[in-house]
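Novice: Shown below is the structure under consideration.
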Amino acid sequence: MASKDTYPRHFVLAGAVGAGILLALAVHMLGQRFGLDLAGLWRRDQTAMMPIAVAGAWWLIATVGFAGGYLSARLMEDAASGTISRSQWLFLGVVMVLLLAGAGLGSSAPATGPISERVLGGVVALVLGAAMSFCGARFATR
């Protein structure tokens, strides 16, 4: 049986956090297209359902950030040991490209609401995605 080679832990954490952040931001951009926007917290013209949409966006970004960090860390460790197949790599690459392309399409829509709210929502999504992807990557590398 071949010995399991591993990357240094800091490389795995950095790569997994980066991938988790990208996935969380892509989901944030796609969620804005469907009305799941964190910027709803700072809107003055809120309807009764806005807090539910904001909570849904919060949980969706957190879940995708955690899962993205966890899966990326596991995949990086498996790739170092040579236990991941080429077809799995191709499938993951296609999924990542399609998700990021969809996010780019979603972010190219006309802007709604004040820019300060949208920027603040984007920064909150970035911080939430970073924190959760770090937690997922840390959990995977233990």
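Chain labels run A, B, ... following the order of the structure tokens; each chain numbers its residues from 1, and ligands are numbered from 1 in the order shown.
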Skip range 67-83 of chain A itself and residues of its chain fewer than 4 positions away, then list as a PyMOL selection string all residues within 10 Å of it, counting only C-alpha atoms.
Specialist: chain A and resi 2-9+11-24+61-63+88-89+92+129-141
Novice: Go ahead and save the picked residues with C-alpha atoms, as a PDB file, in the first residue's frame.
Specialist:
ATOM      1  CA  ALA A   2       1.368   3.403  -0.963  1.00  0.00           C
ATOM      2  CA  SER A   3       2.098   5.930   1.751  1.00  0.00           C
ATOM      3  CA  LYS A   4      -0.240   8.886   1.997  1.00  0.00           C
ATOM      4  CA  ASP A   5       1.492  12.114   0.991  1.00  0.00           C
ATOM      5  CA  THR A   6      -0.026  15.323   2.289  1.00  0.00           C
ATOM      6  CA  TYR A   7       0.325  18.999   1.588  1.00  0.00           C
ATOM      7  CA  PRO A   8       1.401  21.233   4.450  1.00  0.00           C
ATOM      8  CA  ARG A   9      -1.643  22.088   6.516  1.00  0.00           C
ATOM      9  CA  PHE A  11      -1.587  25.236   2.054  1.00  0.00           C
ATOM     10  CA  VAL A  12      -4.671  23.084   2.446  1.00  0.00           C
ATOM     11  CA  LEU A  13      -6.354  25.652   4.689  1.00  0.00           C
ATOM     12  CA  ALA A  14      -5.533  28.568   2.376  1.00  0.00           C
ATOM     13  CA  GLY A  15      -6.723  26.772  -0.746  1.00  0.00           C
ATOM     14  CA  ALA A  16      -9.889  25.482   0.885  1.00  0.00           C
ATOM     15  CA  VAL A  17     -10.762  28.886   2.347  1.00  0.00           C
ATOM     16  CA  GLY A  18     -10.235  30.501  -1.052  1.00  0.00           C
ATOM     17  CA  ALA A  19     -12.487  27.978  -2.780  1.00  0.00           C
ATOM     18  CA  GLY A  20     -15.127  28.278  -0.045  1.00  0.00           C
ATOM     19  CA  ILE A  21     -15.142  32.077  -0.318  1.00  0.00           C
ATOM     20  CA  LEU A  22     -15.574  31.918  -4.092  1.00  0.00           C
ATOM     21  CA  LEU A  23     -18.472  29.502  -3.767  1.00  0.00           C
ATOM     22  CA  ALA A  24     -20.131  31.568  -1.019  1.00  0.00           C
ATOM     23  CA  ILE A  61     -24.194  31.522   2.260  1.00  0.00           C
ATOM     24  CA  ALA A  62     -23.033  30.003   5.541  1.00  0.00           C
ATOM     25  CA  THR A  63     -23.880  26.468   4.444  1.00  0.00           C
ATOM     26  CA  GLN A  88     -13.811  13.487 -10.500  1.00  0.00           C
ATOM     27  CA  TRP A  89     -11.474  16.425 -11.130  1.00  0.00           C
ATOM     28  CA  LEU A  92     -15.617  19.333 -10.081  1.00  0.00           C
ATOM     29  CA  GLY A 129     -18.220  33.001   3.637  1.00  0.00           C
ATOM     30  CA  ALA A 130     -14.617  33.374   4.817  1.00  0.00           C
ATOM     31  CA  ALA A 131     -15.427  32.476   8.410  1.00  0.00           C
ATOM     32  CA  MET A 132     -17.527  29.460   7.508  1.00  0.00           C
ATOM     33  CA  SER A 133     -15.128  28.149   4.871  1.00  0.00           C
ATOM     34  CA  PHE A 134     -12.281  28.417   7.381  1.00  0.00           C
ATOM     35  CA  CYS A 135     -14.363  26.451   9.902  1.00  0.00           C
ATOM     36  CA  GLY A 136     -15.145  23.798   7.289  1.00  0.00           C
ATOM     37  CA  ALA A 137     -11.517  23.511   6.181  1.00  0.00           C
ATOM     38  CA  ARG A 138     -10.286  23.368   9.764  1.00  0.00           C
ATOM     39  CA  PHE A 139     -12.838  20.654  10.558  1.00  0.00           C
ATOM     40  CA  ALA A 140     -11.701  18.633   7.517  1.00  0.00           C
ATOM     41  CA  THR A 141      -7.994  18.844   8.359  1.00  0.00           C
TER      42      THR A 141
END
Novice: Quick check for you: according to DSSP on this backbone, which residues of chain A are classed as helix (DSSP H, G or I)? Reply as number ranges by chain.
Specialist: A: 9-33, 38-42, 50-81, 86-107, 115-140
Novice: Hey, what's within 8 Å of Gly122 in chain A if we count only C-alpha atoms and toss same-chain stuff fewer than 3 positions away? As number ranges by chain, please?
Specialist: A: 25, 28, 38-39, 118-119, 125-126
Novice: Kindly give the distance, in Å, that separates CA of Ile115 in chain A and CA of Val64 in chain A, rounded to a single decimal.
Specialist: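 Between CA of Ile115 in chain A and CA of Val64 in chain A the gap is 25.0 Å.
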Novice: Near Ala57 in chain A, counting only C-alpha atoms, which residues have an atom at most 7 Å away, once you skip same-chain residues fewer than 5 positions from it, shown as a list in words?
Specialist: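 Final neighbour list, sorted by chain and number: Gly31, Leu36, Asp37 and Leu38 of chain A.
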Novice: Can you work out which one of A:Gly65, A:Gly35, A:Pro51, A:Ala101 has the shortest atom-to-atom distance to Val127 in chain A, counting only C-alpha atoms?
Specialist: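 Counting only C-alpha atoms, the residue closest to Val127 in chain A is A:Gly65.
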